[in-house]
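Heads up: the structure comes next, in structure tokens.
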Amino acid sequence: MEKSGKVTEKIKEIGGDMELKTERLCLRPITRKDLRAVLAYACDLSNAEYMVYYPKTEQEAVFYVEETASQWEEEEPITYEFAVLLDGEMIGTVSLWLEEADGVEIGWILNRHYWGCGYGTEAAAAVLRFMSEELGISSCISCCDTRNIASARMMEKLGMKRILQRTRIYERRGEAAQEYVYQWTV
């Protein structure tokens with residue numbers, strides 16, 4: 001991505017203290033200090049039931065946080081993982097993956113104690129603005145299990161259009177399920 005180097009320079013210029021502010025939330029790069037908050041929701045099966053790629057053990061969570069935090073230090077990041085904070089407490093993440101098979105993909109997870117309040121939609125909208133305004137990317141996709149009605153509704157609230165239904169594989173459970181693919185375009 002040509003523009004991501006410019007964003008890396010911008011982050012360095014402001015001392016790595018990059019923040020995206022919304023009416024109720026603050027989003028910032030995930031750091032190694034966020035491990036405890038990630039553990040609070042990532043290893044909770046009821047919270048991460050429909051996540052295909054997400055840490056499910058403490059060891060995997062350590063690796064995940066280390067990997068995603070280190071991406072912010074790269075000259076050309078391929079992942080932007082934002083910690084979502086409400087009143088200073090991390091309640092989830094929103095991610096941009098720049099090198100997915102289907103192009104750029106956005107995804108999110110929130111601690112289930114904060115579901116139903118619009119925080120996910122608010123945080124994802126902020127990252128979509130970052131993606132288009134700072135990275136110069138005009139389109140992305142997002143996927144959800146067809147049983148995950150709340151995520152599908154959230155994608156529609158964000159202005160995404162459903163473009164495809166296909167099979168997704170939950171390798172750990174040995175389960176195949178259907179997923180919706182949504183697209184967002186500026």
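Ordered as shown in the structure tokens, chains take letters A, B, and onward, while each chain numbers its residues from 1 and ligands are numbered from 1 in the order shown.
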
For this session: Select from chain A everything DSSP, run on the backbone, classes as strand (DSSP E or B), then give the selection as a ChimeraX atom specification.
Result: /A:20-21,25-29,79-86,89-100,103-110,139-145,161-170,175-185

Exercise. What residues in chain A get the DSSP label alpha helix (DSSP H)? Please answer as a ChimeraX atom specification.
Worked result: /A:4-13,35-42,45-48,58-71,119-133,149-157

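Here atom CA of A:Glu81 and atom CA of A:Ile163 stand 24.9 Å from one another.
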
Distance table requested - stretch 19-58 of chain A against stretch 87-98 of chain A, cut-off 10 Å, only C-alpha atoms: one row per qualifying residue with the closest atom pair and its distance in Å to one decimal, ordered by chain and rising residue number, as JSON lines.
```
{"residue": "A:Arg24", "atom": "CA", "partner": "A:Asp87", "partner_atom": "CA", "distance": 8.0}
{"residue": "A:Leu25", "atom": "CA", "partner": "A:Asp87", "partner_atom": "CA", "distance": 7.3}
{"residue": "A:Cys26", "atom": "CA", "partner": "A:Gly88", "partner_atom": "CA", "distance": 7.9}
{"residue": "A:Leu27", "atom": "CA", "partner": "A:Thr93", "partner_atom": "CA", "distance": 8.4}
{"residue": "A:Arg28", "atom": "CA", "partner": "A:Thr93", "partner_atom": "CA", "distance": 9.4}
{"residue": "A:Pro29", "atom": "CA", "partner": "A:Thr93", "partner_atom": "CA", "distance": 9.4}
{"residue": "A:Ile30", "atom": "CA", "partner": "A:Thr93", "partner_atom": "CA", "distance": 8.0}
{"residue": "A:Asp34", "atom": "CA", "partner": "A:Met90", "partner_atom": "CA", "distance": 7.5}
{"residue": "A:Arg36", "atom": "CA", "partner": "A:Met90", "partner_atom": "CA", "distance": 9.5}
{"residue": "A:Ala37", "atom": "CA", "partner": "A:Met90", "partner_atom": "CA", "distance": 6.1}
{"residue": "A:Val38", "atom": "CA", "partner": "A:Gly92", "partner_atom": "CA", "distance": 7.3}
{"residue": "A:Ala40", "atom": "CA", "partner": "A:Ile91", "partner_atom": "CA", "distance": 9.1}
{"residue": "A:Tyr41", "atom": "CA", "partner": "A:Gly92", "partner_atom": "CA", "distance": 7.9}
{"residue": "A:Ala42", "atom": "CA", "partner": "A:Gly92", "partner_atom": "CA", "distance": 9.1}
```

Exercise. What is the distance between atom CA of A:Ala69 and atom CA of A:Met154, in Å to one decimal?
Worked result: 25.9 Å

Problem set entry | Residues within 6 Å of stretch 172-186 of chain A, only C-alpha atoms, excluding chain neighbours under 5 positions, as a PyMOL selection string | chain A and resi 138-146+160-167

Exercise. Which residues come within 9 Å of A:Met51, counting only C-alpha atoms, excluding same-chain residues fewer than 3 positions away, as a PyMOL selection string?
Worked result: chain A and resi 47-48+54+109+144-145+170

Dump of C-alpha atoms for the selected residues, as a short mmCIF file (atom, residue, chain, number, x, y, z; two decimals), in the first residue's frame:
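Resulting contents of again_38.cif:
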```cif
data_model
loop_
_atom_site.label_atom_id
_atom_site.label_comp_id
_atom_site.auth_asym_id
_atom_site.auth_seq_id
_atom_site.Cartn_x
_atom_site.Cartn_y
_atom_site.Cartn_z
CA ASN A 47 -18.24 -13.52 23.30
CA ALA A 48 -16.13 -14.88 20.44
CA TYR A 54 -9.15 -14.87 17.27
CA ILE A 109 -15.04 -7.61 18.52
CA CYS A 144 -20.03 -12.43 9.45
CA ASP A 145 -21.58 -15.79 10.18
CA TYR A 170 -14.31 -22.92 11.92
#
```

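Using only C-alpha atoms for every distance, the candidate list A:Ile169, A:Leu158, A:Ala83, A:Leu135 yields A:Leu158 as the residue closest to A:Gly118.
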